[in-house]
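Have a look at start30.pdb; it's PDB, C-alpha atoms and all ligand atoms:
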```
ATOM      1  CA  MET K   1      17.305  -2.559   3.036
ATOM      2  CA  THR K   2      18.315  -6.141   2.589
ATOM      3  CA  SER K   3      16.489  -9.360   1.987
ATOM      4  CA  PRO K   4      15.489 -11.473   4.916
ATOM      5  CA  THR K   5      17.965 -14.002   6.225
ATOM      6  CA  LEU K   6      17.456 -16.713   8.800
ATOM      7  CA  ASP K   7      19.378 -14.632  11.346
ATOM      8  CA  ASP K   8      16.874 -11.807  11.033
ATOM      9  CA  LEU K   9      14.131 -14.126  12.251
ATOM     10  CA  ARG K  10      15.196 -13.521  15.845
ATOM     11  CA  ALA K  11      13.919  -9.935  15.725
ATOM     12  CA  LEU K  12      10.524 -10.690  14.207
ATOM     13  CA  PRO K  13       7.257  -9.943  16.012
ATOM     14  CA  VAL K  14       5.437 -12.860  17.651
ATOM     15  CA  PRO K  15       2.957 -14.113  16.519
ATOM     16  CA  LEU K  16       4.202 -13.495  13.012
ATOM     17  CA  VAL K  17       1.462 -12.665  10.513
ATOM     18  CA  THR K  18       2.634 -11.513   7.076
ATOM     19  CA  ARG K  19       0.698 -10.683   3.949
ATOM     20  CA  PHE K  20       0.961 -10.107   0.218
ATOM     21  CA  ALA K  21      -1.411  -7.387  -0.950
ATOM     22  CA  PRO K  22      -1.353  -7.023  -4.749
ATOM     23  CA  SER K  23      -3.627  -4.760  -6.777
ATOM     24  CA  PRO K  24      -5.157  -6.747  -9.661
ATOM     25  CA  THR K  25      -4.256  -4.204 -12.333
ATOM     26  CA  GLY K  26      -2.071  -6.541 -14.407
ATOM     27  CA  TRP K  27      -0.358  -9.956 -14.481
ATOM     28  CA  LEU K  28       2.237 -10.622 -11.801
ATOM     29  CA  HIS K  29       5.931 -10.200 -12.660
ATOM     30  CA  LEU K  30       9.186 -11.156 -10.926
ATOM     31  CA  GLY K  31       8.900  -8.221  -8.491
ATOM     32  CA  HIS K  32       5.581  -9.581  -7.233
ATOM     33  CA  ALA K  33       7.056 -13.084  -6.983
ATOM     34  CA  PHE K  34       9.859 -11.752  -4.792
ATOM     35  CA  ALA K  35       7.440  -9.819  -2.546
ATOM     36  CA  ALA K  36       5.036 -12.750  -2.166
ATOM     37  CA  LEU K  37       7.788 -15.343  -1.576
ATOM     38  CA  THR K  38       9.498 -13.086   0.976
ATOM     39  CA  ALA K  39       6.331 -12.736   3.052
ATOM     40  CA  PHE K  40       5.448 -16.424   2.637
ATOM     41  CA  ASP K  41       8.930 -17.769   3.464
ATOM     42  CA  LEU K  42       9.184 -15.620   6.595
ATOM     43  CA  ALA K  43       5.846 -16.878   7.892
ATOM     44  CA  GLN K  44       6.767 -20.495   7.069
ATOM     45  CA  ARG K  45      10.145 -20.375   8.761
ATOM     46  CA  ALA K  46       8.830 -18.684  11.892
ATOM     47  CA  GLY K  47       5.747 -20.924  12.175
ATOM     48  CA  GLY K  48       3.572 -17.877  11.538
ATOM     49  CA  GLN K  49       0.696 -17.143   9.217
ATOM     50  CA  PHE K  50       0.696 -15.799   5.660
ATOM     51  CA  LEU K  51      -2.329 -13.945   4.281
ATOM     52  CA  LEU K  52      -3.391 -12.819   0.817
ATOM     53  CA  ARG K  53      -5.291  -9.576   0.297
ATOM     54  CA  ILE K  54      -6.607  -8.336  -3.025
ATOM     55  CA  GLU K  55      -6.435  -4.540  -3.127
ATOM     56  CA  ASP K  56      -9.114  -3.889  -5.720
ATOM     57  CA  ILE K  57     -10.685  -0.613  -4.602
ATOM     58  CA  ASP K  58      -9.784   1.115  -7.874
ATOM     59  CA  ARG K  59     -12.808   0.054  -9.917
ATOM     60  CA  ILE K  60     -11.406   1.441 -13.137
ATOM     61  CA  ARG K  61      -7.978  -0.241 -13.146
ATOM     62  CA  CYS K  62      -8.720  -3.550 -11.366
ATOM     63  CA  ARG K  63     -10.022  -6.608 -13.261
ATOM     64  CA  PRO K  64     -11.388  -9.960 -11.985
ATOM     65  CA  ASP K  65      -9.266 -11.944 -14.485
ATOM     66  CA  PHE K  66      -6.133 -10.419 -12.944
ATOM     67  CA  THR K  67      -7.335 -11.578  -9.508
ATOM     68  CA  THR K  68      -7.761 -15.102 -10.901
ATOM     69  CA  GLY K  69      -4.271 -14.795 -12.417
ATOM     70  CA  ILE K  70      -2.794 -13.818  -9.035
ATOM     71  CA  VAL K  71      -4.287 -16.903  -7.368
ATOM     72  CA  GLU K  72      -3.025 -19.154 -10.193
ATOM     73  CA  ASP K  73       0.494 -17.717 -10.208
ATOM     74  CA  LEU K  74       0.898 -17.851  -6.425
ATOM     75  CA  THR K  75      -0.399 -21.419  -6.281
ATOM     76  CA  TRP K  76       2.023 -22.427  -9.020
ATOM     77  CA  LEU K  77       4.875 -20.842  -7.035
ATOM     78  CA  GLY K  78       3.976 -23.119  -4.109
ATOM     79  CA  ILE K  79       2.504 -20.361  -1.962
ATOM     80  CA  ALA K  80      -0.472 -21.147   0.287
ATOM     81  CA  TRP K  81      -2.377 -18.683   2.444
ATOM     82  CA  ALA K  82      -4.748 -18.819   5.364
ATOM     83  CA  GLU K  83      -8.347 -18.280   4.222
ATOM     84  CA  PRO K  84     -10.301 -16.131   3.779
ATOM     85  CA  VAL K  85      -8.675 -13.953   1.145
ATOM     86  CA  ARG K  86      -9.653 -10.379   1.970
ATOM     87  CA  GLN K  87     -10.963  -8.640  -1.118
ATOM     88  CA  GLN K  88     -11.113  -4.915  -0.462
ATOM     89  CA  SER K  89     -13.999  -4.238  -2.854
ATOM     90  CA  GLN K  90     -16.182  -6.356  -0.533
ATOM     91  CA  HIS K  91     -15.526  -4.117   2.482
ATOM     92  CA  MET K  92     -16.342  -0.608   1.320
ATOM     93  CA  ALA K  93     -18.687  -0.049   4.281
ATOM     94  CA  ALA K  94     -15.791  -0.611   6.727
ATOM     95  CA  TYR K  95     -13.653   1.982   4.907
ATOM     96  CA  ALA K  96     -16.558   4.445   4.815
ATOM     97  CA  ALA K  97     -16.946   4.028   8.594
ATOM     98  CA  ALA K  98     -13.223   4.757   9.124
ATOM     99  CA  LEU K  99     -13.499   7.805   6.891
ATOM    100  CA  ALA K 100     -16.513   9.011   8.885
ATOM    101  CA  ARG K 101     -14.455   8.792  12.086
ATOM    102  CA  LEU K 102     -11.850  11.069  10.526
ATOM    103  CA  GLN K 103     -14.477  13.474   9.164
ATOM    104  CA  PRO K 104     -13.811  16.289  11.705
ATOM    105  CA  LEU K 105     -10.218  16.426  10.425
ATOM    106  CA  THR K 106     -11.100  16.431   6.723
ATOM    107  CA  TYR K 107     -12.468  18.845   4.142
ATOM    108  CA  PRO K 108     -13.805  18.600   0.580
ATOM    109  CA  CYS K 109     -11.359  19.790  -2.080
ATOM    110  CA  PHE K 110     -12.654  20.927  -5.465
ATOM    111  CA  CYS K 111      -9.267  21.533  -7.139
ATOM    112  CA  SER K 112      -8.457  19.550 -10.267
ATOM    113  CA  ARG K 113      -5.015  17.961 -10.728
ATOM    114  CA  LYS K 114      -4.364  20.758 -13.219
ATOM    115  CA  ASP K 115      -5.240  23.456 -10.635
ATOM    116  CA  ILE K 116      -2.758  21.890  -8.216
ATOM    117  CA  ALA K 117       0.028  21.477 -10.780
ATOM    118  CA  GLU K 118      -0.420  25.096 -11.830
ATOM    119  CA  ALA K 119      -0.427  26.535  -8.316
ATOM    120  CA  ALA K 120       2.875  28.395  -8.304
ATOM    121  CA  ALA K 121       3.470  27.843  -4.614
ATOM    122  CA  ALA K 122       3.078  24.058  -4.681
ATOM    123  CA  PRO K 123       6.345  22.382  -3.589
ATOM    124  CA  GLN K 124       7.002  18.674  -4.215
ATOM    125  CA  GLY K 125       6.199  16.040  -1.597
ATOM    126  CA  PRO K 126       7.432  12.399  -1.548
ATOM    127  CA  GLN K 127       4.561  11.372  -3.863
ATOM    128  CA  GLY K 128       4.034  14.356  -6.169
ATOM    129  CA  PRO K 129       3.151  18.028  -5.794
ATOM    130  CA  LEU K 130       2.075  19.069  -2.316
ATOM    131  CA  TYR K 131      -1.463  20.352  -2.120
ATOM    132  CA  PRO K 132      -1.282  24.151  -1.660
ATOM    133  CA  GLY K 133      -4.297  24.173   0.681
ATOM    134  CA  THR K 134      -6.656  26.271  -1.459
ATOM    135  CA  CYS K 135      -9.884  24.556  -0.372
ATOM    136  CA  ARG K 136      -8.830  24.309   3.293
ATOM    137  CA  GLN K 137      -9.697  27.993   3.612
ATOM    138  CA  LEU K 138     -13.263  27.747   2.220
ATOM    139  CA  SER K 139     -16.093  28.733   4.548
ATOM    140  CA  THR K 140     -18.867  26.269   5.399
ATOM    141  CA  THR K 141     -21.261  28.222   3.176
ATOM    142  CA  GLU K 142     -18.844  28.129   0.228
ATOM    143  CA  ARG K 143     -18.360  24.388   0.694
ATOM    144  CA  GLN K 144     -22.090  23.692   0.852
ATOM    145  CA  ALA K 145     -22.666  25.717  -2.293
ATOM    146  CA  ARG K 146     -20.096  23.673  -4.245
ATOM    147  CA  LEU K 147     -20.965  20.125  -3.132
ATOM    148  CA  GLY K 148     -22.593  19.423  -6.522
ATOM    149  CA  GLU K 149     -19.145  19.746  -8.163
ATOM    150  CA  PRO K 150     -16.649  16.863  -8.300
ATOM    151  CA  TYR K 151     -14.484  16.791  -5.174
ATOM    152  CA  VAL K 152     -12.062  14.677  -3.140
ATOM    153  CA  ILE K 153     -11.790  14.427   0.647
ATOM    154  CA  ARG K 154      -8.493  15.644   2.107
ATOM    155  CA  LEU K 155      -6.993  15.261   5.553
ATOM    156  CA  ASP K 156      -6.093  18.568   7.199
ATOM    157  CA  MET K 157      -2.532  17.550   8.082
ATOM    158  CA  THR K 158      -1.895  20.326  10.599
ATOM    159  CA  ARG K 159      -5.050  19.557  12.582
ATOM    160  CA  ALA K 160      -4.491  15.818  12.301
ATOM    161  CA  LEU K 161      -0.981  16.127  13.742
ATOM    162  CA  ALA K 162      -2.290  18.362  16.520
ATOM    163  CA  SER K 163      -4.694  15.618  17.599
ATOM    164  CA  VAL K 164      -2.120  12.816  18.105
ATOM    165  CA  GLU K 165       0.946  12.431  20.267
ATOM    166  CA  VAL K 166       3.970  13.446  18.195
ATOM    167  CA  PRO K 167       6.571  12.549  17.125
ATOM    168  CA  LEU K 168       5.239   9.350  15.595
ATOM    169  CA  ARG K 169       7.589   6.453  14.981
ATOM    170  CA  PHE K 170       7.395   3.116  13.195
ATOM    171  CA  TYR K 171       9.557   0.027  13.604
ATOM    172  CA  GLU K 172      11.585  -0.932  10.541
ATOM    173  CA  GLN K 173      13.041  -4.436  10.693
ATOM    174  CA  GLY K 174      16.820  -4.278  10.716
ATOM    175  CA  GLN K 175      16.862  -0.541  11.444
ATOM    176  CA  GLY K 176      14.769  -0.049  14.575
ATOM    177  CA  GLU K 177      12.521   2.926  15.348
ATOM    178  CA  ILE K 178      12.157   5.391  12.464
ATOM    179  CA  LEU K 179      10.789   8.885  12.907
ATOM    180  CA  ALA K 180       7.630   9.235  10.794
ATOM    181  CA  ASP K 181       7.238  12.413   8.758
ATOM    182  CA  PRO K 182       3.599  12.593   7.622
ATOM    183  CA  ALA K 183       3.745  16.403   7.324
ATOM    184  CA  ALA K 184       6.026  15.998   4.285
ATOM    185  CA  HIS K 185       2.987  14.621   2.399
ATOM    186  CA  GLY K 186       0.733  17.616   3.057
ATOM    187  CA  ASP K 187      -3.059  17.329   3.015
ATOM    188  CA  ILE K 188      -3.372  13.807   1.588
ATOM    189  CA  VAL K 189      -6.443  12.547  -0.267
ATOM    190  CA  LEU K 190      -8.511  10.071   1.762
ATOM    191  CA  ALA K 191     -11.327   9.482  -0.745
ATOM    192  CA  ARG K 192     -12.304  10.200  -4.360
ATOM    193  CA  LYS K 193     -15.542   9.884  -6.260
ATOM    194  CA  ASP K 194     -14.595   6.675  -8.126
ATOM    195  CA  THR K 195     -12.459   5.336  -5.252
ATOM    196  CA  PRO K 196     -14.376   6.185  -2.067
ATOM    197  CA  ALA K 197     -11.443   5.221   0.208
ATOM    198  CA  SER K 198      -7.749   5.816  -0.413
ATOM    199  CA  TYR K 199      -5.057   3.140  -0.553
ATOM    200  CA  HIS K 200      -3.610   4.463   2.742
ATOM    201  CA  LEU K 201      -6.900   4.238   4.601
ATOM    202  CA  CYS K 202      -7.740   0.719   3.386
ATOM    203  CA  VAL K 203      -4.243  -0.607   4.082
ATOM    204  CA  VAL K 204      -4.065   0.552   7.696
ATOM    205  CA  LEU K 205      -7.551  -0.679   8.446
ATOM    206  CA  ASP K 206      -6.995  -4.070   6.812
ATOM    207  CA  ASP K 207      -3.563  -4.676   8.320
ATOM    208  CA  ALA K 208      -5.106  -4.043  11.751
ATOM    209  CA  LEU K 209      -8.288  -6.059  11.130
ATOM    210  CA  GLN K 210      -6.307  -8.999   9.749
ATOM    211  CA  GLY K 211      -3.847  -8.932  12.649
ATOM    212  CA  VAL K 212      -0.827  -8.413  10.371
ATOM    213  CA  SER K 213       2.239  -8.066  12.619
ATOM    214  CA  LEU K 214       4.905  -7.598   9.914
ATOM    215  CA  VAL K 215       4.251  -5.706   6.691
ATOM    216  CA  THR K 216       6.813  -6.776   4.076
ATOM    217  CA  ARG K 217       6.695  -4.724   0.900
ATOM    218  CA  GLY K 218       8.915  -2.906  -1.582
ATOM    219  CA  GLU K 219      11.114  -0.021  -0.530
ATOM    220  CA  ASP K 220       9.139   2.238  -2.890
ATOM    221  CA  LEU K 221       6.464   2.319  -0.151
ATOM    222  CA  PHE K 222       8.833   3.379   2.624
ATOM    223  CA  ALA K 223       7.739   7.052   2.497
ATOM    224  CA  ALA K 224       4.047   6.064   2.502
ATOM    225  CA  THR K 225       4.555   4.415   5.888
ATOM    226  CA  SER K 226       4.711   7.851   7.557
ATOM    227  CA  VAL K 227       1.188   8.638   6.358
ATOM    228  CA  GLN K 228      -0.047   5.202   7.359
ATOM    229  CA  ARG K 229       1.474   5.565  10.833
ATOM    230  CA  LEU K 230      -0.487   8.809  11.294
ATOM    231  CA  LEU K 231      -3.749   7.150  10.221
ATOM    232  CA  GLN K 232      -3.087   4.319  12.690
ATOM    233  CA  ALA K 233      -2.675   6.901  15.461
ATOM    234  CA  LEU K 234      -5.829   8.806  14.440
ATOM    235  CA  LEU K 235      -7.903   5.620  14.319
ATOM    236  CA  SER K 236      -6.278   4.075  17.430
ATOM    237  CA  LEU K 237      -5.104   1.065  15.419
ATOM    238  CA  HIS K 238      -2.226  -1.202  16.303
ATOM    239  CA  ALA K 239       0.926  -0.464  14.248
ATOM    240  CA  PRO K 240       2.613  -3.500  12.709
ATOM    241  CA  HIS K 241       6.373  -3.739  12.172
ATOM    242  CA  TYR K 242       7.654  -3.065   8.668
ATOM    243  CA  TRP K 243      10.234  -4.564   6.363
ATOM    244  CA  HIS K 244      10.710  -2.563   3.175
ATOM    245  CA  HIS K 245      12.669  -4.885   0.940
ATOM    246  CA  ARG K 246      14.685  -4.355  -2.222
ATOM    247  CA  LEU K 247      12.880  -4.106  -5.539
ATOM    248  CA  ILE K 248      13.571  -6.498  -8.371
ATOM    249  CA  ARG K 249      14.914  -4.446 -11.232
ATOM    250  CA  HIS K 250      15.819  -4.907 -14.855
ATOM    251  CA  GLU K 251      19.587  -5.344 -15.491
ATOM    252  CA  SER K 252      19.638  -1.678 -16.537
ATOM    253  CA  GLY K 253      18.433  -0.690 -13.069
ATOM    254  CA  ARG K 254      14.949   0.458 -14.108
ATOM    255  CA  ARG K 255      11.842  -0.909 -12.419
ATOM    256  CA  LEU K 256      10.078  -3.874 -14.026
ATOM    257  CA  ALA K 257       7.039  -2.920 -16.073
ATOM    258  CA  LYS K 258       4.826  -4.745 -18.494
ATOM    259  CA  ARG K 259       4.899  -1.795 -20.891
ATOM    260  CA  ASP K 260       8.686  -2.174 -21.187
ATOM    261  CA  GLY K 261       8.303  -5.773 -22.300
ATOM    262  CA  ASP K 262       9.304  -7.444 -19.010
ATOM    263  CA  LYS K 263       7.971 -10.979 -18.857
ATOM    264  CA  THR K 264       5.080 -11.847 -16.587
ATOM    265  CA  LEU K 265       5.184 -14.952 -14.381
ATOM    266  CA  ARG K 266       2.640 -16.664 -16.601
ATOM    267  CA  GLU K 267       4.792 -16.015 -19.672
ATOM    268  CA  LEU K 268       7.863 -17.400 -17.909
ATOM    269  CA  ARG K 269       5.807 -20.426 -16.849
ATOM    270  CA  ILE K 270       4.589 -21.065 -20.399
ATOM    271  CA  GLU K 271       8.183 -20.852 -21.616
ATOM    272  CA  GLY K 272       9.039 -23.694 -19.230
ATOM    273  CA  ALA K 273      10.421 -21.932 -16.122
ATOM    274  CA  SER K 274       9.907 -23.807 -12.851
ATOM    275  CA  PRO K 275       9.095 -22.245  -9.451
ATOM    276  CA  ALA K 276      12.713 -23.008  -8.461
ATOM    277  CA  ASP K 277      13.905 -21.032 -11.526
ATOM    278  CA  ILE K 278      11.781 -18.070 -10.407
ATOM    279  CA  ARG K 279      13.320 -18.234  -6.922
ATOM    280  CA  ARG K 280      16.784 -18.229  -8.473
ATOM    281  CA  MET K 281      15.897 -15.314 -10.751
ATOM    282  CA  VAL K 282      14.867 -13.151  -7.786
ATOM    283  CA  GLY K 283      17.749 -14.273  -5.580
ATOM    284  CA  LEU K 284      15.817 -16.369  -3.032
TER     285      LEU K 284
HETATM  286  N1  LIG P 301      -1.475  -2.909  -3.208
HETATM  287  C1  LIG P 301      -0.180  -2.306  -3.175
HETATM  288  C2  LIG P 301       0.546  -2.585  -4.471
HETATM  289  O1  LIG P 301       0.174  -3.500  -5.198
HETATM  290  C3  LIG P 301       0.695  -2.806  -2.036
HETATM  291  C4  LIG P 301       0.250  -2.289  -0.736
HETATM  292  C5  LIG P 301       1.108  -2.651   0.457
HETATM  293  O2  LIG P 301       1.839  -3.668   0.420
HETATM  294  O3  LIG P 301       1.012  -1.957   1.450
HETATM  295  O4  LIG P 301       1.492  -1.891  -4.767
END
```

Serialized structure, structure tokens:
Amino acid sequence: MTSPTLDDLRALPVPLVTRFAPSPTGWLHLGHAFAALTAFDLAQRAGGQFLLRIEDIDRIRCRPDFTTGIVEDLTWLGIAWAEPVRQQSQHMAAYAAALARLQPLTYPCFCSRKDIAEAAAAPQGPQGPLYPGTCRQLSTTERQARLGEPYVIRLDMTRALASVEVPLRFYEQGQGEILADPAAHGDIVLARKDTPASYHLCVVLDDALQGVSLVTRGEDLFAATSVQRLLQALLSLHAPHYWHHRLIRHESGRRLAKRDGDKTLRELRIEGASPADIRRMVGL
């Protein structure tokens, strides 16, 4: 997975609509700058459109001052986006409607994270332990009786895959068609009590509603694309092309993180860095 070059522009979808979709859970760092500039530069060079989306469905971790910080940092970097900015917290009804469409393929799951971690049979999936399926077996009467307890909504992966045309594929820029493997993720969570729609559900719906034709994002989300491709098929949504780019790392190779003392863009700015310095620092 390499960074975009001018030559790669020939293979891009037309019209080109890219986006940067940060979660306002902290101040932006160099990794965000690279992701945002990559999407913005591609759209600029191809005469396409660049969009900004604020992924703030997690009411506990997201903060309005971080959203303001995102807008300030991007503007300082010289990035401009087509309005309106889509703020996910303003569209919960749309996500609830998508979830309702998937309802026949879902079930309530009452297991705690501890229950799942302790289930001896639970193998690992790409994003943590695979759900062992305990609550999939519950009868309708058992489910009804427990609906007062805390629960999450899970997708029954086997039934979901049986209702779409398989195998599913997605188009990765520079690599071509990739075979999607949603089954590796098991029965994924589609909604929780405090976050009534999952990241996966909101992302596929928004990318389709906003007409995004090329999703550029870090290679850490490559595996998630398989799940998102399945949701697109289940909801009959158009699948964009993808470009999972390199991550900006600390010299030691670890990922950048505020808790490890990595500087935020605003700190670098206050210390006198220019937008051109930031571009140099991330290799653009
Ligand atoms: N909101 C996600 C994040 O900040 C990115 C989602 C995406 O690009 O698909 O990691």

Output check: residues returned by the PyMOL selection byres (((chain K and resi 160) around 12) and not hetatm), as a PyMOL selection string: chain K and resi 102-107+154-159+161-166+182-183+186-188+227+229-235

Deliver the residues from the most recent selection as a file, using C-alpha atoms, as a short mmCIF file (atom, residue, chain, number, x, y, z; two decimals), in the coordinates of the input.
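Printed below is part_29.cif as written:
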```cif
data_model
loop_
_atom_site.label_atom_id
_atom_site.label_comp_id
_atom_site.auth_asym_id
_atom_site.auth_seq_id
_atom_site.Cartn_x
_atom_site.Cartn_y
_atom_site.Cartn_z
CA LEU K 102 -11.85 11.07 10.53
CA GLN K 103 -14.48 13.47 9.16
CA PRO K 104 -13.81 16.29 11.70
CA LEU K 105 -10.22 16.43 10.42
CA THR K 106 -11.10 16.43 6.72
CA TYR K 107 -12.47 18.84 4.14
CA ARG K 154 -8.49 15.64 2.11
CA LEU K 155 -6.99 15.26 5.55
CA ASP K 156 -6.09 18.57 7.20
CA MET K 157 -2.53 17.55 8.08
CA THR K 158 -1.90 20.33 10.60
CA ARG K 159 -5.05 19.56 12.58
CA LEU K 161 -0.98 16.13 13.74
CA ALA K 162 -2.29 18.36 16.52
CA SER K 163 -4.69 15.62 17.60
CA VAL K 164 -2.12 12.82 18.10
CA GLU K 165 0.95 12.43 20.27
CA VAL K 166 3.97 13.45 18.20
CA PRO K 182 3.60 12.59 7.62
CA ALA K 183 3.74 16.40 7.32
CA GLY K 186 0.73 17.62 3.06
CA ASP K 187 -3.06 17.33 3.02
CA ILE K 188 -3.37 13.81 1.59
CA VAL K 227 1.19 8.64 6.36
CA ARG K 229 1.47 5.56 10.83
CA LEU K 230 -0.49 8.81 11.29
CA LEU K 231 -3.75 7.15 10.22
CA GLN K 232 -3.09 4.32 12.69
CA ALA K 233 -2.68 6.90 15.46
CA LEU K 234 -5.83 8.81 14.44
CA LEU K 235 -7.90 5.62 14.32
#
```

Picked residues, the PyMOL selection byres (((not hetatm)) within 7 of (chain P and resi 301)), expected as a short mmCIF file (atom, residue, chain, number, x, y, z; two decimals) with C-alpha atoms, in the coordinates of the input:
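Wrote result15.cif, looks like this:
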```cif
data_model
loop_
_atom_site.label_atom_id
_atom_site.label_comp_id
_atom_site.auth_asym_id
_atom_site.auth_seq_id
_atom_site.Cartn_x
_atom_site.Cartn_y
_atom_site.Cartn_z
CA PHE K 20 0.96 -10.11 0.22
CA ALA K 21 -1.41 -7.39 -0.95
CA PRO K 22 -1.35 -7.02 -4.75
CA SER K 23 -3.63 -4.76 -6.78
CA GLU K 55 -6.44 -4.54 -3.13
CA VAL K 203 -4.24 -0.61 4.08
CA THR K 216 6.81 -6.78 4.08
CA ARG K 217 6.70 -4.72 0.90
#
```

Extending 5 Å beyond the listed atoms of segment 157-164 of chain K on each side, what axis-aligned box results? I want centre and edge lengths in Å to one decimal, as AutoDock Vina command-line options.
```
--center_x -3.0 --center_y 16.6 --center_z 13.1 --size_x 14.1 --size_y 17.5 --size_z 20.0
```

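When you apply the PyMOL selection byres (((chain K and resi 84-86) around 10) and not hetatm) to this structure, what comes back is Ala21, Leu51, Leu52, Arg53, Ile54, Glu55, Trp81, Ala82, Glu83, Gln87, Gln88, Ser89, Gln90, His91, Asp206 and Gln210 of chain K.
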
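Of the listed residues K:Arg280, K:Arg169, K:Lys193, K:His244, the one whose atoms come nearest to Gln228 of chain K is K:Arg169, with distances taken using all atoms listed in the file.
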
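Atom CA of Gly283 of chain K sits 27.6 Å away from atom CA of Glu177 of chain K.
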
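We find atom CA of Leu214 of chain K and atom CA of Ile178 of chain K to be spaced 15.1 Å apart.
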
Spatial neighbours of segment 268-278 of chain K, max dist 10 Å, all atoms listed in the file, sep filter under 6 positions, as a list in words: His29, Leu30, Ala33, Phe34, Asp73, Leu74, Trp76, Leu77, Gly78 and Leu284 of chain K

Separation of atom CA of Ala257 of chain K from atom CA of Ala191 of chain K in Å: 26.9 Å

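Between Thr195 of chain K and the residues K:Ala96, K:Cys62, K:Ile57, K:Leu37, the shortest atom-to-atom distance, using all atoms listed in the file, involves K:Ile57.
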
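Among the candidates K:Gly47, K:Pro132, K:Leu201, K:Leu28, the residue lying nearest to His185 of chain K is K:Pro132 (atoms considered: all atoms listed in the file).
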
Polymer residues at most 9 Å from (-4.7, 22.6, -6.6) by all atoms listed in the file, as a PyMOL selection string: chain K and resi 109-119+122+130-135

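Each of K:Leu147, K:Val212, K:Ala94, K:Ala184 was checked against Pro15 of chain K using only C-alpha atoms; the smallest atom-to-atom distance is that of K:Val212.
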
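Of the residues under consideration (K:Arg279, K:Val71, K:Pro13, K:Ala98), K:Arg279 shows the shortest atom-to-atom contact distance to Asp41 of chain K when counting only C-alpha atoms.
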
Distance criterion (only C-alpha atoms): nearest to Gln127 of chain K out of K:Thr264, K:Ser252, K:Thr38, K:Thr225: K:Thr225
